[in-house]
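Okay, input.txt is below, compact mmCIF, C-alpha atoms and all ligand atoms:
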# COMPACT_ATOMS: atom_id res chain seq x y z
CA MET A 1 10.44 61.27 -78.89
CA ALA A 2 11.48 64.03 -76.48
CA PHE A 3 14.86 63.33 -74.91
CA LYS A 4 15.90 64.50 -71.46
CA GLU A 5 18.33 67.37 -72.00
CA ARG A 6 21.84 66.37 -70.96
CA VAL A 7 25.31 67.78 -71.66
CA PHE A 8 28.33 65.57 -72.35
CA SER A 9 31.88 66.52 -73.31
CA GLY A 10 35.42 65.24 -72.90
CA VAL A 11 39.05 66.32 -72.80
CA GLN A 12 42.02 64.08 -73.61
CA PRO A 13 44.70 63.60 -70.95
CA THR A 14 47.55 64.18 -73.36
CA GLY A 15 49.45 66.84 -71.39
CA ASN A 16 49.78 70.64 -71.64
CA LEU A 17 46.16 71.71 -71.22
CA HIS A 18 46.13 75.13 -72.84
CA LEU A 19 44.17 78.31 -73.33
CA GLY A 20 42.41 76.81 -76.39
CA ASN A 21 41.07 73.89 -74.34
CA TYR A 22 40.05 76.36 -71.63
CA LEU A 23 38.27 78.93 -73.81
CA GLY A 24 36.97 76.54 -76.48
CA ALA A 25 35.67 73.90 -74.08
CA ILE A 26 36.15 74.11 -70.31
CA THR A 27 34.65 77.60 -69.76
CA LYS A 28 31.55 76.37 -71.63
CA PHE A 29 31.41 73.29 -69.39
CA VAL A 30 31.36 75.56 -66.36
CA ALA A 31 28.64 77.86 -67.73
CA LEU A 32 26.33 74.99 -68.73
CA GLN A 33 26.22 73.60 -65.19
CA ASP A 34 23.53 76.09 -64.18
CA ASN A 35 20.94 74.90 -66.68
CA TYR A 36 21.73 71.27 -67.53
CA ASP A 37 22.69 67.93 -66.04
CA CYS A 38 26.30 67.63 -67.17
CA ILE A 39 28.71 64.75 -67.66
CA TYR A 40 32.38 65.70 -68.10
CA CYS A 41 34.82 63.00 -69.03
CA VAL A 42 38.59 62.65 -69.12
CA VAL A 43 38.83 60.60 -72.30
CA ASP A 44 41.83 58.38 -71.57
CA MET A 45 40.79 55.79 -74.20
CA HIS A 46 41.02 58.47 -76.88
CA ALA A 47 44.45 59.46 -75.57
CA ILE A 48 45.98 56.03 -76.32
CA THR A 49 45.08 56.29 -80.02
CA VAL A 50 48.61 57.76 -80.10
CA TRP A 51 51.36 56.42 -77.81
CA GLN A 52 51.23 57.55 -74.16
CA GLU A 53 53.72 56.61 -71.46
CA PRO A 54 51.59 54.74 -68.86
CA GLY A 55 52.90 56.72 -65.86
CA GLU A 56 52.38 60.03 -67.66
CA LEU A 57 48.86 59.04 -68.72
CA LYS A 58 47.86 58.55 -65.08
CA HIS A 59 49.33 61.90 -64.11
CA ALA A 60 47.69 63.66 -67.08
CA THR A 61 44.31 62.09 -66.24
CA ARG A 62 44.53 63.50 -62.72
CA GLU A 63 45.74 66.85 -64.05
CA VAL A 64 42.77 67.26 -66.43
CA THR A 65 40.45 66.33 -63.56
CA ALA A 66 42.19 68.95 -61.41
CA ALA A 67 41.65 71.50 -64.21
CA PHE A 68 37.92 70.70 -64.33
CA LEU A 69 37.63 71.23 -60.58
CA ALA A 70 39.89 74.30 -60.47
CA CYS A 71 37.83 75.95 -63.23
CA GLY A 72 34.66 75.49 -61.18
CA ILE A 73 33.01 72.24 -62.26
CA ASP A 74 31.06 70.82 -59.32
CA PRO A 75 31.63 67.03 -59.19
CA LYS A 76 28.82 66.53 -56.67
CA LYS A 77 26.07 68.19 -58.70
CA HIS A 78 27.42 66.88 -62.02
CA ILE A 79 29.44 63.85 -63.12
CA VAL A 80 33.23 63.97 -63.54
CA PHE A 81 34.99 60.70 -64.41
CA ASN A 82 37.51 59.00 -66.69
CA GLN A 83 36.24 57.11 -69.71
CA SER A 84 38.03 53.76 -69.20
CA GLN A 85 36.20 53.16 -65.91
CA VAL A 86 32.85 52.80 -67.72
CA SER A 87 32.84 49.84 -70.11
CA GLY A 88 29.73 51.05 -71.96
CA HIS A 89 31.87 53.45 -74.01
CA ALA A 90 33.87 50.60 -75.57
CA GLU A 91 30.82 48.37 -75.98
CA LEU A 92 28.76 50.99 -77.79
CA ALA A 93 31.78 52.01 -79.88
CA TRP A 94 31.90 48.46 -81.27
CA VAL A 95 28.23 48.60 -82.26
CA PHE A 96 28.93 51.97 -83.92
CA ASN A 97 31.95 50.49 -85.74
CA CYS A 98 29.35 48.32 -87.43
CA VAL A 99 26.93 51.21 -88.10
CA ALA A 100 29.35 53.88 -89.41
CA ARG A 101 30.55 53.51 -93.01
CA LEU A 102 34.19 53.49 -94.12
CA GLY A 103 33.42 56.33 -96.52
CA TRP A 104 32.29 58.50 -93.61
CA LEU A 105 35.52 57.96 -91.65
CA ASN A 106 37.64 58.47 -94.77
CA ARG A 107 36.42 62.07 -94.87
CA MET A 108 37.59 62.95 -91.33
CA THR A 109 40.19 65.70 -91.57
CA GLN A 110 41.58 65.17 -88.04
CA PHE A 111 42.69 61.63 -88.94
CA LYS A 112 44.39 62.92 -92.09
CA GLU A 113 46.19 65.64 -90.09
CA LYS A 114 47.21 63.40 -87.18
CA ALA A 115 48.20 60.36 -89.27
CA GLY A 116 50.12 62.59 -91.68
CA LYS A 117 52.09 60.95 -94.49
CA ASP A 118 52.74 57.74 -92.54
CA ARG A 119 49.10 56.67 -92.60
CA GLU A 120 49.89 52.92 -92.83
CA ASN A 121 51.56 53.19 -89.45
CA ALA A 122 48.71 55.00 -87.62
CA SER A 123 46.74 52.97 -85.08
CA VAL A 124 43.35 51.53 -86.00
CA GLY A 125 42.10 53.37 -82.90
CA LEU A 126 43.09 56.75 -84.36
CA TYR A 127 41.03 55.95 -87.46
CA ALA A 128 38.00 54.73 -85.46
CA TYR A 129 38.29 57.62 -82.94
CA PRO A 130 35.11 59.40 -84.15
CA ASN A 131 33.04 56.24 -83.57
CA LEU A 132 34.25 56.10 -79.96
CA MET A 133 33.43 59.79 -79.62
CA ALA A 134 29.89 59.12 -80.86
CA ALA A 135 29.63 56.32 -78.28
CA ASP A 136 30.88 58.64 -75.49
CA ILE A 137 28.05 61.05 -76.19
CA LEU A 138 25.28 58.63 -77.05
CA VAL A 139 25.85 56.09 -74.27
CA TYR A 140 24.36 58.88 -72.11
CA ARG A 141 21.88 59.86 -74.86
CA ALA A 142 23.29 63.37 -74.41
CA THR A 143 21.57 66.18 -76.32
CA HIS A 144 24.18 69.00 -76.10
CA VAL A 145 27.94 68.84 -76.63
CA PRO A 146 30.16 71.88 -75.95
CA VAL A 147 33.34 71.63 -78.06
CA GLY A 148 35.86 73.75 -79.92
CA GLU A 149 35.43 74.33 -83.65
CA ASP A 150 37.92 71.57 -84.51
CA GLN A 151 35.45 68.95 -83.28
CA LYS A 152 32.55 70.09 -85.49
CA GLN A 153 33.09 67.41 -88.13
CA HIS A 154 33.22 64.64 -85.52
CA LEU A 155 29.99 65.92 -84.00
CA GLU A 156 28.32 65.79 -87.40
CA LEU A 157 29.45 62.18 -87.71
CA SER A 158 27.93 61.41 -84.30
CA ARG A 159 24.63 62.77 -85.59
CA ASP A 160 24.87 60.62 -88.72
CA ILE A 161 25.60 57.53 -86.62
CA ALA A 162 22.63 58.23 -84.31
CA GLN A 163 20.36 58.66 -87.31
CA LYS A 164 21.56 55.53 -89.11
CA PHE A 165 21.18 53.45 -85.94
CA ASN A 166 17.64 54.79 -85.49
CA ASN A 167 16.82 53.99 -89.15
CA ASP A 168 18.52 50.57 -89.38
CA TYR A 169 16.96 49.33 -86.15
CA GLY A 170 13.70 51.31 -86.47
CA ALA A 171 11.41 48.27 -86.23
CA ALA A 172 13.22 46.82 -83.20
CA ILE A 173 13.27 50.25 -81.52
CA GLN A 174 9.49 50.49 -81.93
CA ALA A 175 8.96 46.88 -80.85
CA HIS A 176 10.86 47.51 -77.61
CA GLY A 177 8.72 50.56 -76.87
CA TYR A 178 11.29 53.29 -77.54
CA GLY A 179 9.15 55.17 -80.04
CA GLU A 180 10.54 56.68 -83.22
CA GLY A 181 14.21 56.90 -82.35
CA PHE A 182 16.42 55.53 -79.59
CA PHE A 183 19.29 58.03 -79.86
CA PRO A 184 18.91 61.84 -79.94
CA GLN A 185 20.69 64.00 -82.52
CA PRO A 186 23.32 65.64 -80.30
CA GLU A 187 23.65 69.41 -80.83
CA PRO A 188 27.12 70.94 -80.88
CA ILE A 189 27.57 74.06 -78.74
CA ILE A 190 30.29 76.06 -80.53
CA GLN A 191 29.84 79.72 -79.60
CA GLY A 192 31.66 82.86 -78.62
CA PRO A 193 34.79 84.72 -79.72
CA ALA A 194 37.31 81.88 -79.09
CA THR A 195 35.96 78.67 -80.63
CA ARG A 196 39.29 78.19 -82.43
CA VAL A 197 42.21 79.69 -80.53
CA MET A 198 45.27 79.89 -82.77
CA SER A 199 48.97 79.41 -82.03
CA LEU A 200 50.71 82.51 -80.62
CA ARG A 201 53.53 81.90 -83.12
CA ASP A 202 51.44 81.35 -86.25
CA GLY A 203 47.91 82.71 -86.73
CA ALA A 204 47.17 80.00 -89.32
CA LYS A 205 47.76 77.07 -86.92
CA LYS A 206 45.47 75.92 -84.09
CA MET A 207 46.86 76.29 -80.56
CA SER A 208 47.72 72.69 -79.80
CA LYS A 209 49.09 70.47 -77.04
CA SER A 210 51.49 68.79 -79.43
CA ASP A 211 53.11 71.92 -80.94
CA PRO A 212 56.85 71.53 -80.25
CA SER A 213 57.13 75.25 -79.33
CA ASP A 214 55.90 76.00 -75.81
CA TYR A 215 55.72 79.66 -76.91
CA SER A 216 52.86 78.71 -79.25
CA ARG A 217 50.46 78.19 -76.35
CA ILE A 218 49.58 79.36 -72.84
CA ASN A 219 49.37 76.33 -70.57
CA LEU A 220 46.90 76.37 -67.71
CA THR A 221 49.81 75.64 -65.37
CA ASP A 222 51.96 78.57 -66.60
CA ASP A 223 52.88 81.12 -63.93
CA ALA A 224 52.45 84.89 -64.32
CA ASP A 225 55.95 85.38 -65.73
CA ALA A 226 55.51 82.70 -68.39
CA ILE A 227 52.09 84.06 -69.40
CA ALA A 228 53.52 87.59 -69.70
CA GLN A 229 56.54 86.45 -71.73
CA LYS A 230 54.46 84.39 -74.14
CA ILE A 231 51.95 87.18 -74.78
CA ARG A 232 54.69 89.79 -75.22
CA LYS A 233 56.48 87.53 -77.73
CA ALA A 234 53.26 86.59 -79.59
CA LYS A 235 53.47 87.24 -83.32
CA THR A 236 51.68 90.40 -84.48
CA ASP A 237 51.79 92.80 -87.42
CA PRO A 238 53.06 96.42 -87.40
CA GLU A 239 49.63 98.12 -87.70
CA ALA A 240 47.59 99.58 -84.83
CA LEU A 241 44.41 97.70 -83.85
CA PRO A 242 41.39 98.45 -86.07
CA SER A 243 38.21 99.98 -84.63
CA GLU A 244 35.88 97.48 -86.30
CA GLU A 245 35.81 93.69 -86.60
CA LYS A 246 36.02 93.82 -90.39
CA GLY A 247 39.53 95.26 -90.02
CA LEU A 248 40.64 91.98 -88.35
CA GLU A 249 39.74 89.82 -91.35
CA PRO A 250 43.09 89.91 -93.15
CA ARG A 251 45.06 89.90 -89.86
CA PRO A 252 44.91 86.40 -88.26
CA GLU A 253 47.31 87.13 -85.37
CA ALA A 254 45.48 90.32 -84.39
CA ASP A 255 42.14 88.53 -84.73
CA ASN A 256 43.38 85.76 -82.44
CA LEU A 257 44.61 88.06 -79.65
CA VAL A 258 41.43 90.15 -79.77
CA GLY A 259 39.35 86.94 -79.63
CA ILE A 260 41.34 85.72 -76.62
CA TYR A 261 40.87 89.05 -74.85
CA ALA A 262 37.12 89.05 -75.59
CA ALA A 263 36.65 85.49 -74.33
CA LEU A 264 38.66 86.09 -71.13
CA ALA A 265 36.73 89.31 -70.46
CA ASN A 266 33.43 87.58 -71.32
CA THR A 267 32.61 90.17 -73.96
CA THR A 268 32.67 90.45 -77.78
CA LYS A 269 35.43 91.31 -80.24
CA ALA A 270 33.44 94.41 -81.23
CA ASP A 271 33.50 95.64 -77.60
CA VAL A 272 37.24 95.00 -77.32
CA LEU A 273 37.84 97.03 -80.48
CA THR A 274 35.68 99.87 -79.18
CA GLN A 275 38.06 100.00 -76.23
CA PHE A 276 41.39 99.36 -78.03
CA GLY A 277 40.79 100.51 -81.66
CA GLY A 278 43.80 102.66 -82.72
CA ALA A 279 46.02 101.31 -79.90
CA GLN A 280 49.46 99.84 -80.62
CA PHE A 281 50.06 96.16 -79.85
CA SER A 282 52.46 97.02 -77.04
CA ALA A 283 49.63 98.68 -75.07
CA PHE A 284 47.06 96.01 -75.98
CA LYS A 285 49.41 93.18 -75.05
CA GLY A 286 50.03 94.82 -71.66
CA ALA A 287 46.29 94.83 -70.96
CA LEU A 288 45.98 91.24 -72.21
CA VAL A 289 48.78 90.10 -69.89
CA ASP A 290 46.99 91.65 -66.89
CA LEU A 291 43.68 90.05 -67.84
CA ALA A 292 45.17 86.61 -68.58
CA VAL A 293 47.20 86.53 -65.35
CA ASP A 294 44.13 87.64 -63.40
CA LYS A 295 41.93 84.87 -64.88
CA LEU A 296 44.41 82.01 -65.27
CA GLY A 297 46.68 82.56 -62.26
CA PRO A 298 44.22 81.27 -59.65
CA ILE A 299 43.31 78.27 -61.85
CA GLY A 300 46.94 77.20 -62.24
CA GLY A 301 47.50 77.59 -58.49
CA GLU A 302 44.45 75.51 -57.59
CA MET A 303 45.40 72.81 -60.15
CA GLN A 304 48.82 72.52 -58.55
CA ARG A 305 47.27 72.21 -55.10
CA LEU A 306 44.82 69.51 -56.27
CA VAL A 307 47.35 67.33 -58.14
CA LYS A 308 49.32 67.02 -54.91
CA ASP A 309 46.37 65.03 -53.55
CA PRO A 310 45.91 62.16 -56.05
CA ALA A 311 43.82 60.15 -53.56
CA TYR A 312 41.20 62.91 -53.54
CA ILE A 313 41.21 63.19 -57.36
CA ASP A 314 40.87 59.40 -57.68
CA SER A 315 37.93 59.44 -55.27
CA VAL A 316 36.18 62.06 -57.43
CA LEU A 317 36.77 59.89 -60.53
CA ALA A 318 35.57 56.73 -58.77
CA ASP A 319 32.38 58.40 -57.56
CA GLY A 320 31.71 59.93 -60.99
CA SER A 321 32.38 56.62 -62.76
CA ALA A 322 29.91 54.77 -60.55
CA ARG A 323 27.20 57.34 -61.32
CA ALA A 324 28.02 57.42 -65.05
CA GLU A 325 27.95 53.63 -65.18
CA VAL A 326 24.33 53.49 -63.98
CA ILE A 327 23.23 55.58 -66.99
CA ALA A 328 25.53 53.84 -69.48
CA ASP A 329 24.44 50.36 -68.34
CA GLU A 330 20.80 51.24 -68.85
CA THR A 331 21.56 52.41 -72.40
CA MET A 332 23.60 49.28 -73.14
CA ARG A 333 20.84 46.94 -71.94
CA ALA A 334 18.44 48.66 -74.34
CA VAL A 335 20.99 48.66 -77.20
CA LYS A 336 21.62 44.93 -76.74
CA ASP A 337 17.88 44.23 -76.87
CA ILE A 338 17.46 46.42 -79.97
CA VAL A 339 20.44 44.89 -81.82
CA GLY A 340 19.35 41.34 -80.94
CA PHE A 341 22.06 40.23 -78.51
CA VAL A 342 20.97 37.56 -76.02
CA ARG A 343 21.70 38.88 -72.54
CA ARG A 344 21.37 37.87 -68.91
N1 LIG B 401 42.90 75.70 -80.16
C1 LIG B 401 41.71 75.42 -79.69
N2 LIG B 401 40.73 76.37 -79.67
C2 LIG B 401 39.48 76.10 -79.17
N3 LIG B 401 39.15 74.88 -78.69
C3 LIG B 401 40.09 73.92 -78.68
N4 LIG B 401 40.08 72.63 -78.27
C4 LIG B 401 41.30 72.08 -78.48
N5 LIG B 401 42.12 72.96 -79.05
C5 LIG B 401 41.40 74.13 -79.18
C6 LIG B 401 38.91 71.99 -77.66
O1 LIG B 401 39.29 71.46 -76.40
C7 LIG B 401 38.52 70.29 -76.15
C8 LIG B 401 39.42 69.17 -75.71
O2 LIG B 401 40.33 68.88 -76.75
P1 LIG B 401 41.03 67.48 -76.81
O3 LIG B 401 41.35 67.02 -75.47
O4 LIG B 401 40.27 66.59 -77.69
O5 LIG B 401 42.39 67.84 -77.38
P2 LIG B 401 42.84 68.15 -78.80
O6 LIG B 401 41.79 68.77 -79.67
O7 LIG B 401 43.49 66.93 -79.30
O8 LIG B 401 43.86 69.21 -78.39
P3 LIG B 401 45.03 69.61 -79.22
O9 LIG B 401 45.69 70.65 -78.44
O10 LIG B 401 44.62 69.92 -80.60
O11 LIG B 401 45.92 68.31 -79.20
P4 LIG B 401 46.83 67.82 -80.34
O12 LIG B 401 48.05 68.61 -80.16
O13 LIG B 401 47.02 66.37 -80.03
O14 LIG B 401 46.15 68.06 -81.64
C9 LIG B 401 37.76 69.98 -77.43
O15 LIG B 401 36.42 70.41 -77.27
C10 LIG B 401 38.47 70.78 -78.47
O16 LIG B 401 37.59 71.17 -79.51
Could you show the structure in this file as structure tokens?
Amino acid sequence: MAFKERVFSGVQPTGNLHLGNYLGAITKFVALQDNYDCIYCVVDMHAITVWQEPGELKHATREVTAAFLACGIDPKKHIVFNQSQVSGHAELAWVFNCVARLGWLNRMTQFKEKAGKDRENASVGLYAYPNLMAADILVYRATHVPVGEDQKQHLELSRDIAQKFNNDYGAAIQAHGYGEGFFPQPEPIIQGPATRVMSLRDGAKKMSKSDPSDYSRINLTDDADAIAQKIRKAKTDPEALPSEEKGLEPRPEADNLVGIYAALANTTKADVLTQFGGAQFSAFKGALVDLAVDKLGPIGGEMQRLVKDPAYIDSVLADGSARAEVIADETMRAVKDIVGFVRR
């Protein structure tokens, strides 16, 4: 069966949106708007898999929405909403809890990293997180999912869940006239020079919202001075920049900064090295500061303007939720018929 092409992706409202979220995900969201119908979600139900202060969660939800808008997502042409306003996500996640196998979830590296040594004390939600993520995507029968590299394994699980559902319920799917398969196999979109932006303090660690050092990341709300300070203090090695990409392989911090520059300039690492090969880090960092301030400054300013108007943000989320709900409800009616639930 041919599925209508549709993009879905989400960002958690867990504070400190950073350059990794921007380059790995949000810039892709913006670019895809020209060629696809897009649904962009602030995934507040994922956020509470670890403790969130209720007041801060509301603020962070509005802040991520403001980031979407400030980066150029058009909430009239596309759908922008927060997950908890559309009940289909939770309903489909339960069905997927019964489709996915324990062995599949046991392999998820993000759970192992986030639960750490105190696994017995992690929430059940953190463990089942990938099933909810599959539901987020498939409740819209989305075909393309732009994400950072860290989400690749979860995307593969979403594909496995879609396939198992299609196989397990194959006869019912046919009987209800949905052809060979009800859910598409969603394709990850993980491309470009910054699919995994690393910490500015440690080239082996992902840039992350929860890193205790604010110097490890550039926040979208950082002002020009903070951006400049963080880039100037970023860890590097004593060598000049190489002229070819191969020369970056044993140098994770250099590789990271060159990748960031390439993504911000919308070019490739090879092009950046053609320009800066042989340069010292002091000169390269100066150019990176100028570029980062130029690109991120206006976004931070617009985010700050938008968050001062929570009524407007909430109206965007309400409108997007109503439109998302129409699609999700249609999917859930079909899923209930396929699974064998009696419904009104
Ligand atoms: N460092 C990164 N490089 C590239 N892409 C990244 N993403 C996150 N970090 C990087 C992508 O951003 C999107 C939204 O991510 P999320 O809201 O699910 O947040 P996260 O992955 O939990 O973010 P953090 O910073 O990693 O949070 P903590 O500190 O809690 O672990 C996704 O597409 C993600 O791939």
Taking all atoms listed in the file into account, produce a table as a tab-separated table in which each residue of chain A with an atom at most 6 Å from an atom of ligand LIG 401 (chain B) appears once, together with its shortest atom pair and the distance in Å to one decimal, ordered by chain and rising number.
residue	atom	partner	partner_atom	distance
A:Val11	CA	B:LIG401	O3	3.6
A:Gln12	CA	B:LIG401	O3	3.5
A:Gly20	CA	B:LIG401	C1	3.6
A:Asn21	CA	B:LIG401	O1	3.6
A:Gly24	CA	B:LIG401	N3	3.5
A:Ala25	CA	B:LIG401	O15	4.8
A:Val147	CA	B:LIG401	O15	3.4
A:Gly148	CA	B:LIG401	O16	3.1
A:Glu149	CA	B:LIG401	O16	5.6
A:Asp150	CA	B:LIG401	O16	5.0
A:Gln151	CA	B:LIG401	O16	4.9
A:Thr195	CA	B:LIG401	C2	4.6
A:Arg196	CA	B:LIG401	N2	3.6
A:Val197	CA	B:LIG401	N2	3.7
A:Met198	CA	B:LIG401	N1	5.5
A:Lys206	CA	B:LIG401	N1	4.7
A:Met207	CA	B:LIG401	N1	4.0
A:Ser208	CA	B:LIG401	O9	3.2
A:Lys209	CA	B:LIG401	O9	3.7
A:Ser210	CA	B:LIG401	O12	3.5
- If you count only C-alpha atoms, which residues fall within 9 Å of Ala322 (chain A), apart from same-chain ones fewer than 5 positions away, as a list in words?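 Final neighbour list, sorted by chain and number: Phe81, Gln85, Val86 and Leu317 of chain A.
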- Compare A:Gly116, A:Pro186, A:Gly277, A:Gly203 by their minimum atom-to-atom distance to Glu253 (chain A), counting all atoms listed in the file, and give me the closest one.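 Going through A:Gly116, A:Pro186, A:Gly277, A:Gly203 one by one, the smallest distance to Glu253 (chain A) is for A:Gly203.
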- Given all atoms listed in the file as the counted atoms, nearest of A:Val43, A:Leu102, A:Ile48, A:Ala2 to Leu157 (chain A):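 Comparing A:Val43, A:Leu102, A:Ile48, A:Ala2 against Leu157 (chain A), the winner is A:Leu102.
One distance worth recording is that between CA of Phe341 (chain A) and CA of Thr143 (chain A), which is 26.0 Å.
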- Query: Using all atoms listed in the file, which of the listed residues (A:Phe3, A:Phe68, A:Tyr261, A:Trp51) sits closest to Phe284 (chain A)?
  - Reply: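 Once distances to Phe284 (chain A) are computed over all atoms listed in the file, the minimum belongs to A:Tyr261.
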- Using only C-alpha atoms, determine which residues lie at most 12 Å from His46 (chain A), disregarding the query and same-chain residues fewer than 6 positions distant; provide the list as an NGL selection string. :A and (10-14 or 52 or 57 or 61 or 82-84 or 89-90 or 93 or 123-136)
